[in-house]
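Trainee: For reference, this is structure_31.cif, and it has mmCIF, C-alpha atoms.
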data_upload
loop_
_atom_site.group_PDB
_atom_site.id
_atom_site.type_symbol
_atom_site.label_atom_id
_atom_site.label_comp_id
_atom_site.auth_asym_id
_atom_site.auth_seq_id
_atom_site.Cartn_x
_atom_site.Cartn_y
_atom_site.Cartn_z
ATOM 1 C CA MET P 182 100.607 44.643 129.730
ATOM 2 C CA PRO P 183 98.475 41.581 130.671
ATOM 3 C CA TYR P 184 96.543 40.072 127.814
ATOM 4 C CA ASP P 185 93.049 40.844 129.137
ATOM 5 C CA ASP P 186 90.484 43.646 129.081
ATOM 6 C CA THR P 187 91.829 45.484 132.110
ATOM 7 C CA LYS P 188 94.645 47.034 130.090
ATOM 8 C CA LYS P 189 97.085 47.508 132.958
ATOM 9 C CA LEU P 190 100.738 48.287 132.452
ATOM 10 C CA TYR P 191 103.420 46.883 134.775
ATOM 11 C CA GLY P 192 106.963 48.129 134.969
ATOM 12 C CA VAL P 193 108.898 44.878 135.648
ATOM 13 C CA CYS P 194 112.576 44.798 136.604
ATOM 14 C CA GLY P 195 114.997 41.983 135.828
ATOM 15 C CA ILE P 196 116.385 39.996 138.755
ATOM 16 C CA SER P 197 120.030 39.990 137.733
ATOM 17 C CA ASP P 198 120.027 40.962 134.050
ATOM 18 C CA PRO P 199 117.889 43.398 132.103
ATOM 19 C CA ILE P 200 114.748 41.759 130.739
ATOM 20 C CA LYS P 201 115.521 42.851 127.178
ATOM 21 C CA GLU P 202 118.582 40.551 127.223
ATOM 22 C CA THR P 203 116.532 37.459 128.084
ATOM 23 C CA LEU P 204 113.530 37.901 125.793
ATOM 24 C CA PRO P 205 113.031 37.931 122.008
ATOM 25 C CA ASP P 206 113.574 41.116 120.004
ATOM 26 C CA ASN P 207 110.432 40.816 117.887
ATOM 27 C CA ILE P 208 108.102 42.895 120.060
ATOM 28 C CA PRO P 209 105.236 42.377 120.801
ATOM 29 C CA PHE P 210 105.171 38.776 122.041
ATOM 30 C CA ILE P 211 103.177 36.723 124.580
ATOM 31 C CA VAL P 212 104.791 35.454 127.780
ATOM 32 C CA GLU P 213 103.626 33.753 130.967
ATOM 33 C CA THR P 214 105.311 34.577 134.271
ATOM 34 C CA VAL P 215 104.630 35.400 137.930
ATOM 35 C CA LEU P 216 105.048 38.999 139.129
ATOM 36 C CA LEU P 217 106.422 39.509 142.661
ATOM 37 C CA PRO P 218 106.890 42.582 144.863
ATOM 38 C CA PHE P 219 110.472 43.171 145.966
ATOM 39 C CA ARG P 220 111.762 46.254 147.824
ATOM 40 C CA GLY P 221 109.269 48.607 146.264
ATOM 41 C CA LYS P 222 109.801 47.178 142.779
ATOM 42 C CA ILE P 223 108.125 44.538 140.647
ATOM 43 C CA ILE P 224 110.174 41.512 139.661
ATOM 44 C CA TYR P 225 109.253 38.109 138.215
ATOM 45 C CA ASP P 226 109.885 34.586 139.452
ATOM 46 C CA GLY P 227 112.835 34.078 137.127
ATOM 47 C CA LEU P 228 110.922 32.088 134.518
ATOM 48 C CA PHE P 229 109.484 33.404 131.266
ATOM 49 C CA PHE P 230 107.390 31.105 129.120
ATOM 50 C CA THR P 231 107.101 32.484 125.604
ATOM 51 C CA PHE P 232 104.534 31.419 123.020
ATOM 52 C CA ASN P 233 105.425 30.824 119.392
ATOM 53 C CA VAL P 234 102.863 33.295 118.081
ATOM 54 C CA SER P 235 103.508 35.949 115.453
ATOM 55 C CA PHE P 236 101.462 39.133 115.086
ATOM 56 C CA GLY P 237 100.377 40.813 111.898
ATOM 57 C CA LYS P 238 100.444 44.541 111.189
ATOM 58 C CA ASN P 239 96.874 45.146 112.389
ATOM 59 C CA ILE P 240 97.409 43.293 115.683
ATOM 60 C CA ARG P 241 100.636 45.180 116.371
ATOM 61 C CA GLU P 242 98.844 48.453 115.761
ATOM 62 C CA SER P 243 96.017 47.405 118.101
ATOM 63 C CA VAL P 244 98.520 46.582 120.855
ATOM 64 C CA ARG P 245 100.237 49.929 120.365
ATOM 65 C CA VAL P 246 96.919 51.786 120.669
ATOM 66 C CA SER P 247 95.953 49.824 123.789
ATOM 67 C CA TYR P 248 99.352 50.549 125.341
ATOM 68 C CA ASN P 249 99.004 54.295 124.752
ATOM 69 C CA GLU P 250 95.440 54.350 126.089
ATOM 70 C CA ALA P 251 96.373 52.472 129.266
ATOM 71 C CA LYS P 252 99.425 54.626 129.837
ATOM 72 C CA GLU P 253 97.354 57.802 129.483
ATOM 73 C CA LYS P 254 94.485 56.639 131.724
ATOM 74 C CA THR P 255 96.217 54.755 134.549
ATOM 75 C CA GLY P 256 99.940 55.129 134.044
ATOM 76 C CA ILE P 257 102.526 52.366 134.618
ATOM 77 C CA ILE P 258 102.275 50.229 137.762
ATOM 78 C CA GLU P 259 105.751 50.116 139.302
ATOM 79 C CA CYS P 260 104.869 48.635 142.712
ATOM 80 C CA LEU P 261 102.286 45.964 143.492
ATOM 81 C CA GLY P 262 99.565 47.139 145.858
ATOM 82 C CA VAL P 263 100.218 50.820 145.109
ATOM 83 C CA PRO P 264 97.918 52.439 142.550
ATOM 84 C CA PRO P 265 99.807 54.028 139.652
ATOM 85 C CA LEU P 266 99.855 57.732 139.015
ATOM 86 C CA PRO P 267 97.892 58.729 135.913
ATOM 87 C CA ALA P 268 100.068 59.964 133.133
ATOM 88 C CA LYS P 269 100.182 63.737 132.817
ATOM 89 C CA PRO P 270 98.384 65.033 129.753
ATOM 90 C CA PRO P 271 100.680 66.529 127.166
ATOM 91 C CA VAL P 272 101.134 70.248 127.550
ATOM 92 C CA LYS P 273 99.856 72.103 124.534
ATOM 93 C CA LYS P 274 102.030 74.911 123.401
ATOM 94 C CA ALA P 275 100.233 78.178 123.212
ATOM 95 C CA LYS P 276 99.976 79.521 119.695
ATOM 96 C CA THR P 277 102.076 82.558 119.137
ATOM 97 C CA GLN P 278 99.830 85.338 117.963
ATOM 98 C CA MET P 279 101.243 87.807 115.532
ATOM 99 C CA PRO P 280 100.820 91.415 116.625
ATOM 100 C CA ALA P 281 97.944 93.187 114.936
ATOM 101 C CA PRO P 282 99.059 95.507 112.142
ATOM 102 C CA ILE P 283 99.150 99.167 113.037
ATOM 103 C CA ALA P 284 96.810 101.288 110.936
ATOM 104 C CA VAL P 285 98.391 104.310 109.277
ATOM 105 C CA ASP P 286 96.545 107.305 107.881
ATOM 106 C CA THR P 287 96.516 106.773 104.108
ATOM 107 C CA LYS P 288 94.997 110.181 103.287
ATOM 108 C CA GLY P 289 91.844 108.616 101.907
ATOM 109 C CA ALA P 290 93.512 105.856 99.882
ATOM 110 C CA ASN P 291 91.472 102.650 99.696
ATOM 111 C CA VAL P 292 93.912 100.025 100.997
ATOM 112 C CA PRO P 293 93.640 97.300 103.672
ATOM 113 C CA LYS P 294 94.721 98.185 107.188
ATOM 114 C CA ALA P 295 97.552 95.643 107.049
ATOM 115 C CA MET P 296 98.990 97.355 103.949
ATOM 116 C CA SER P 297 98.471 100.968 105.043
ATOM 117 C CA ALA P 298 102.023 101.544 106.279
ATOM 118 C CA ARG P 299 103.547 99.884 103.231
ATOM 119 C CA TYR P 300 101.310 101.928 100.942
ATOM 120 C CA MET P 301 102.374 105.229 102.486
ATOM 121 C CA GLU P 302 106.068 104.367 102.231
ATOM 122 C CA VAL P 303 105.868 103.591 98.512
ATOM 123 C CA ALA P 304 103.401 106.440 97.843
ATOM 124 C CA GLU P 305 105.807 109.008 99.299
ATOM 125 C CA ILE P 306 108.529 107.897 96.877
ATOM 126 C CA ILE P 307 106.158 108.002 93.887
ATOM 127 C CA GLU P 308 104.888 111.449 94.849
ATOM 128 C CA ASP P 309 108.427 112.820 95.089
ATOM 129 C CA PHE P 310 109.273 111.463 91.647
ATOM 130 C CA CYS P 311 106.090 112.745 89.991
ATOM 131 C CA ASP P 312 106.410 116.169 91.600
ATOM 132 C CA GLU P 313 109.932 116.471 90.237
ATOM 133 C CA LYS P 314 109.666 114.726 86.873
ATOM 134 C CA LEU P 315 106.033 114.366 85.780
ATOM 135 C CA ASN P 316 102.681 115.963 86.718
ATOM 136 C CA GLU P 317 99.593 115.570 88.914
ATOM 137 C CA GLU P 318 97.738 113.341 86.452
ATOM 138 C CA TYR P 319 100.611 110.881 86.272
ATOM 139 C CA LYS P 320 100.882 110.955 90.064
ATOM 140 C CA ASP P 321 97.173 110.219 90.474
ATOM 141 C CA ILE P 322 97.341 107.260 88.071
ATOM 142 C CA CYS P 323 100.460 105.818 89.725
ATOM 143 C CA LEU P 324 98.903 106.077 93.190
ATOM 144 C CA ARG P 325 95.722 104.372 91.974
ATOM 145 C CA ALA P 326 97.877 101.585 90.572
ATOM 146 C CA LEU P 327 99.669 101.328 93.941
ATOM 147 C CA GLN P 328 96.340 101.079 95.768
ATOM 148 C CA LYS P 329 95.165 98.274 93.526
ATOM 149 C CA LEU P 330 98.385 96.342 94.115
ATOM 150 C CA CYS P 331 97.926 96.763 97.877
ATOM 151 C CA ARG P 332 94.401 95.350 97.630
ATOM 152 C CA LYS P 333 95.571 92.139 95.964
ATOM 153 C CA ARG P 334 95.231 89.033 98.155
ATOM 154 C CA PRO P 335 97.975 88.464 98.963
ATOM 155 C CA SER P 336 99.521 91.760 98.004
ATOM 156 C CA PRO P 337 102.819 91.435 96.121
ATOM 157 C CA LEU P 338 104.026 94.549 97.968
ATOM 158 C CA GLN P 339 104.360 92.593 101.212
ATOM 159 C CA SER P 340 107.933 91.842 100.205
ATOM 160 C CA GLY P 341 110.551 93.583 98.116
ATOM 161 C CA ARG P 342 112.362 96.910 98.271
ATOM 162 C CA LEU P 343 110.323 100.114 98.414
ATOM 163 C CA TYR P 344 112.264 101.909 95.693
ATOM 164 C CA THR P 345 112.079 98.885 93.401
ATOM 165 C CA TRP P 346 108.291 98.762 93.655
ATOM 166 C CA ALA P 347 107.978 102.519 93.209
ATOM 167 C CA SER P 348 110.161 102.435 90.095
ATOM 168 C CA GLY P 349 108.281 99.449 88.685
ATOM 169 C CA ILE P 350 104.923 101.223 89.051
ATOM 170 C CA VAL P 351 106.137 104.483 87.490
ATOM 171 C CA TYR P 352 107.942 102.620 84.703
ATOM 172 C CA ALA P 353 104.889 100.435 83.888
ATOM 173 C CA ILE P 354 102.398 103.333 83.943
ATOM 174 C CA GLY P 355 104.753 105.478 81.876
ATOM 175 C CA ALA P 356 105.305 102.770 79.264
ATOM 176 C CA ASN P 357 101.553 102.204 79.002
ATOM 177 C CA ASN P 358 101.141 105.915 78.261
ATOM 178 C CA PHE P 359 103.953 106.105 75.646
ATOM 179 C CA ILE P 360 106.337 108.032 77.904
ATOM 180 C CA PHE P 361 109.265 106.573 75.943
ATOM 181 C CA ASP P 362 107.924 108.107 72.693
ATOM 182 C CA ARG P 363 109.739 111.363 71.878
ATOM 183 C CA SER P 364 106.613 112.764 70.212
ATOM 184 C CA GLN P 365 104.713 112.792 73.514
ATOM 185 C CA PRO P 366 104.405 116.006 75.585
ATOM 186 C CA LEU P 367 105.940 114.148 78.519
ATOM 187 C CA TYR P 368 108.895 112.129 77.257
ATOM 188 C CA MET P 369 111.437 110.396 79.449
ATOM 189 C CA PRO P 370 113.970 107.654 78.652
ATOM 190 C CA ALA P 371 113.705 104.438 80.626
ATOM 191 C CA ALA P 372 117.255 104.862 81.911
ATOM 192 C CA GLU P 373 116.359 108.247 83.416
ATOM 193 C CA ILE P 374 113.497 106.740 85.386
ATOM 194 C CA ALA P 375 115.662 103.914 86.710
ATOM 195 C CA GLU P 376 118.496 106.288 87.574
ATOM 196 C CA TRP P 377 116.249 108.499 89.702
ATOM 197 C CA PHE P 378 115.352 105.482 91.840
ATOM 198 C CA GLY P 379 118.977 104.387 92.058
ATOM 199 C CA LEU P 380 118.373 101.197 90.055
ATOM 200 C CA ALA P 381 119.662 99.584 86.905
ATOM 201 C CA LYS P 382 117.404 99.919 83.882
ATOM 202 C CA SER P 383 116.991 96.138 83.718
ATOM 203 C CA THR P 384 115.847 95.990 87.361
ATOM 204 C CA ALA P 385 113.211 98.676 86.833
ATOM 205 C CA ALA P 386 112.029 97.009 83.612
ATOM 206 C CA THR P 387 111.716 93.614 85.293
ATOM 207 C CA LYS P 388 109.630 95.023 88.135
ATOM 208 C CA ALA P 389 107.525 96.985 85.618
ATOM 209 C CA ALA P 390 106.742 93.759 83.773
ATOM 210 C CA GLU P 391 105.553 92.279 87.072
ATOM 211 C CA VAL P 392 103.346 95.319 87.736
ATOM 212 C CA ASN P 393 101.983 95.119 84.191
ATOM 213 C CA LYS P 394 100.970 91.505 84.787
ATOM 214 C CA TYR P 395 99.238 92.241 88.091
ATOM 215 C CA LEU P 396 97.288 95.229 86.717
ATOM 216 C CA ASN P 397 96.625 93.875 83.219
ATOM 217 C CA LEU P 398 97.862 97.106 81.635
ATOM 218 C CA SER P 399 97.131 97.667 77.960
ATOM 219 C CA TYR P 400 96.353 100.479 75.505
ATOM 220 C CA THR P 401 92.672 99.422 75.549
ATOM 221 C CA ASN P 402 92.360 99.374 79.342
ATOM 222 C CA THR P 403 91.478 102.973 80.210
ATOM 223 C CA GLU P 404 91.796 102.520 83.984
ATOM 224 C CA PHE P 405 95.422 103.646 84.004
ATOM 225 C CA LEU P 406 95.627 105.791 80.849
ATOM 226 C CA LEU P 407 96.159 109.553 80.631
ATOM 227 C CA GLN P 408 93.071 111.442 79.528
ATOM 228 C CA ASP P 409 94.835 112.753 76.429
ATOM 229 C CA ILE P 410 95.750 109.185 75.433
ATOM 230 C CA ILE P 411 92.120 108.126 75.850
ATOM 231 C CA ASP P 412 90.826 111.055 73.789
ATOM 232 C CA ASN P 413 93.173 110.329 70.902
ATOM 233 C CA ASN P 414 93.193 106.538 70.935
ATOM 234 C CA SER P 415 90.913 105.650 68.043
ATOM 235 C CA MET P 416 91.031 101.966 69.003
ATOM 236 C CA LEU P 417 88.904 102.742 72.068
ATOM 237 C CA TRP P 418 86.090 104.094 69.912
ATOM 238 C CA LEU P 419 85.904 101.463 67.163
ATOM 239 C CA LEU P 420 82.972 99.108 67.758
ATOM 240 C CA ASN P 421 81.403 96.303 65.790
ATOM 241 C CA LEU P 422 77.838 97.293 64.839
ATOM 242 C CA ASN P 423 76.057 94.674 62.751
ATOM 243 C CA ASP P 424 79.368 93.349 61.425
ATOM 244 C CA PHE P 425 80.567 96.850 60.527
ATOM 245 C CA ILE P 426 83.517 98.442 62.332
ATOM 246 C CA LEU P 427 82.439 102.021 63.062
ATOM 247 C CA ASP P 428 83.736 104.950 65.100
ATOM 248 C CA ILE P 429 81.130 105.337 67.850
ATOM 249 C CA ARG P 430 82.007 109.025 68.158
ATOM 250 C CA LYS P 431 80.352 109.621 64.802
ATOM 251 C CA MET P 432 77.176 107.722 65.686
ATOM 252 C CA PRO P 433 73.933 109.052 67.262
ATOM 253 C CA ARG P 434 73.960 109.795 70.978
ATOM 254 C CA ASP P 435 71.527 107.001 71.876
ATOM 255 C CA LEU P 436 74.040 104.464 70.526
ATOM 256 C CA GLN P 437 76.848 106.168 72.440
ATOM 257 C CA GLU P 438 74.827 106.017 75.664
ATOM 258 C CA GLU P 439 74.109 102.325 75.147
ATOM 259 C CA ALA P 440 77.793 101.615 74.491
ATOM 260 C CA PHE P 441 78.779 103.595 77.606
ATOM 261 C CA GLN P 442 76.270 101.743 79.805
ATOM 262 C CA LYS P 443 77.739 98.433 78.586
ATOM 263 C CA GLY P 444 81.250 99.629 79.418
ATOM 264 C CA LEU P 445 82.379 99.573 75.787
ATOM 265 C CA ILE P 446 83.582 103.204 75.791
ATOM 266 C CA PRO P 447 85.123 105.261 78.611
ATOM 267 C CA TYR P 448 82.698 108.201 78.351
ATOM 268 C CA ILE P 449 80.163 109.897 76.051
ATOM 269 C CA PRO P 450 82.203 112.185 73.766
ATOM 270 C CA ALA P 451 79.694 115.070 73.778
ATOM 271 C CA ASP P 452 79.631 115.154 77.591
ATOM 272 C CA ARG P 453 83.405 115.125 77.743
ATOM 273 C CA ALA P 454 83.564 118.089 75.351
ATOM 274 C CA LYS P 455 81.318 120.117 77.655
#
In structure tokens, how does this file's structure come out?
Mentor:
Amino acid sequence: MPYDDTKKLYGVCGISDPIKETLPDNIPFIVETVLLPFRGKIIYDGLFFTFNVSFGKNIRESVRVSYNEAKEKTGIIECLGVPPLPAKPPVKKAKTQMPAPIAVDTKGANVPKAMSARYMEVAEIIEDFCDEKLNEEYKDICLRALQKLCRKRPSPLQSGRLYTWASGIVYAIGANNFIFDRSQPLYMPAAEIAEWFGLAKSTAATKAAEVNKYLNLSYTNTEFLLQDIIDNNSMLWLLNLNDFILDIRKMPRDLQEEAFQKGLIPYIPADRAK
């Protein structure tokens, strides 16, 4: 490329030997020579005068940018008197679009369209288990837990085996409702739950711990508790009133209504009794 503002690139051929064998290796460098046309090519007069000039990092970068700009705009001149062909712009690869997820009827369940198919697959397994081993209330709670997991962004259910997730949800909801306690109306050993899903007890327990973390399950979180557990869990009804711990069920209704409006209790006891 000539050292001027025209920024033209010339493709010069050696006369008898390649140019790279007769010039320094520390590119870029400044030379003076005469370009000549010869049989449709560009050659030089056989003499290269080099200048003892070194270039810093910024200058080398500037030369590189100028080279790329000239190559893109005008191309490389390979024959004197013949205008060069502009370099072809790089072809941009079209972005591969992922196919849109297919919506599946979720029977009224509140889940994103992208998770609808996954939800129905896991829900079918949970329903079969609850119909055989538990009851409708357990099934409703487990399906609500499944819906909430599907609504997470991103949803953890996007990967993993269907039966493992189903077992983890049932195991976690059951443990949160004392299903492993023999004194409960619905008692079931952990091994029996895992066996139904064809899993080891440790696998089901590990997935249940993951579900528990995602849903923040606890004995004071009534979102995924059986109604009987809520009714008989005295911890849900103990509130601090003026530095006194009192059972709100034994307090006047106006205080119960205020506590309910603030989300401190799951319902007003008198209304539940009716």
Trainee: Draw an axis-aligned box over all listed atoms of range 214-220 of chain P, pad each side with 8 Å, and write its centre and edge lengths in Å, one decimal, as JSON.
Mentor:
{"center_x": 108.2, "center_y": 40.4, "center_z": 141.0, "size_x": 23.1, "size_y": 27.7, "size_z": 29.6}
Trainee: So the first atom is CA of Lys314 in chain P and the second is CA of Ala347 in chain P; what is the distance between them in Å, to one decimal place?
Mentor: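 We find that CA of Lys314 in chain P and CA of Ala347 in chain P lie 13.9 Å from each other.
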Trainee: So, counting all atoms listed in the file, which residue among P:Ala385, P:Val193, P:Ile429, P:Leu343 is closest to Tyr225 in chain P?
Mentor: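 Closest candidate: P:Val193.
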Trainee: If we count all atoms listed in the file, what is near Met416 in chain P at a cut-off of 9 Å, once residues fewer than 2 positions away on the same chain are taken out, given as a list in words?
Mentor: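 After dropping sequence-adjacent residues, the list is Tyr400, Thr401, Asn413, Asn414, Trp418, Leu419, Leu420 and Asp428 of chain P.
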Trainee: To one decimal place, how far is CA of Ile306 in chain P from CA of Ile350 in chain P in Å?
Mentor: 10.9 Å
Trainee: What does the distance from CA of Leu417 in chain P to CA of Tyr448 in chain P come to in Å, to one decimal?
Mentor: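 Value for the CA of Leu417 in chain P-CA of Tyr448 in chain P distance: 10.4 Å.
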Trainee: Could you state which residues are captured by the PyMOL selection byres ((chain P and resi 352) around 12) in this file, as an MDAnalysis selection string?
Mentor: chainID P and resid 307 310:311 315 319 323 326 344:351 353:361 369:378 380 382:393 398
Trainee: Which residue out of P:Asp312, P:Tyr395, P:Tyr368, P:Glu317 has the minimum interatomic distance to Ser336 in chain P when only C-alpha atoms are used?
Mentor: P:Tyr395
Trainee: With only C-alpha atoms as the atoms that count, which of P:Pro450, P:Gly341, P:Pro209, P:Gly256 lies nearest to Thr231 in chain P?
Mentor: P:Pro209
Trainee: Restricting the calculation to only C-alpha atoms, which member of P:Lys222, P:Lys320, P:Arg245, P:Arg332 is positioned closest to Ser297 in chain P?
Mentor: P:Arg332
Trainee: Kindly resolve the PyMOL selection byres ((chain P and resi 299) around 12) on the present coordinates and return the residues as JSON, numbers by chain.
Mentor: {"P": [282, 283, 284, 285, 286, 287, 292, 293, 294, 295, 296, 297, 298, 300, 301, 302, 303, 304, 305, 306, 327, 328, 330, 331, 332, 336, 337, 338, 339, 340, 341, 342, 343, 344, 346, 347]}
Trainee: Step by step, work through what the PyMOL selection byres ((chain P and resi 224) around 7) selects in the shown file, and finish by giving those residues as a compact mmCIF listing (two decimals) with C-alpha atoms, in the coordinates of the input.
Mentor:
# COMPACT_ATOMS: atom_id res chain seq x y z
CA VAL P 193 108.90 44.88 135.65
CA CYS P 194 112.58 44.80 136.60
CA GLY P 195 115.00 41.98 135.83
CA ILE P 196 116.38 40.00 138.76
CA LEU P 216 105.05 39.00 139.13
CA LEU P 217 106.42 39.51 142.66
CA PRO P 218 106.89 42.58 144.86
CA PHE P 219 110.47 43.17 145.97
CA LYS P 222 109.80 47.18 142.78
CA ILE P 223 108.12 44.54 140.65
CA TYR P 225 109.25 38.11 138.22
CA ASP P 226 109.88 34.59 139.45
Trainee: Which is closer to Glu242 in chain P than all the others in P:Glu438, P:Ile208, P:Asp321, P:Thr214, using all atoms listed in the file?
Mentor: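 Looking only at the distances to Glu242 in chain P, the closest residue turns out to be P:Ile208.
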Trainee: Go through P:Arg453, P:Lys252, P:Arg363, P:Lys443 one by one, measure the shortest atom-to-atom distance of each to Asp409 in chain P using all atoms listed in the file, and give the residue with the smallest value.
Mentor: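 Looking only at the distances to Asp409 in chain P, the closest residue turns out to be P:Arg453.
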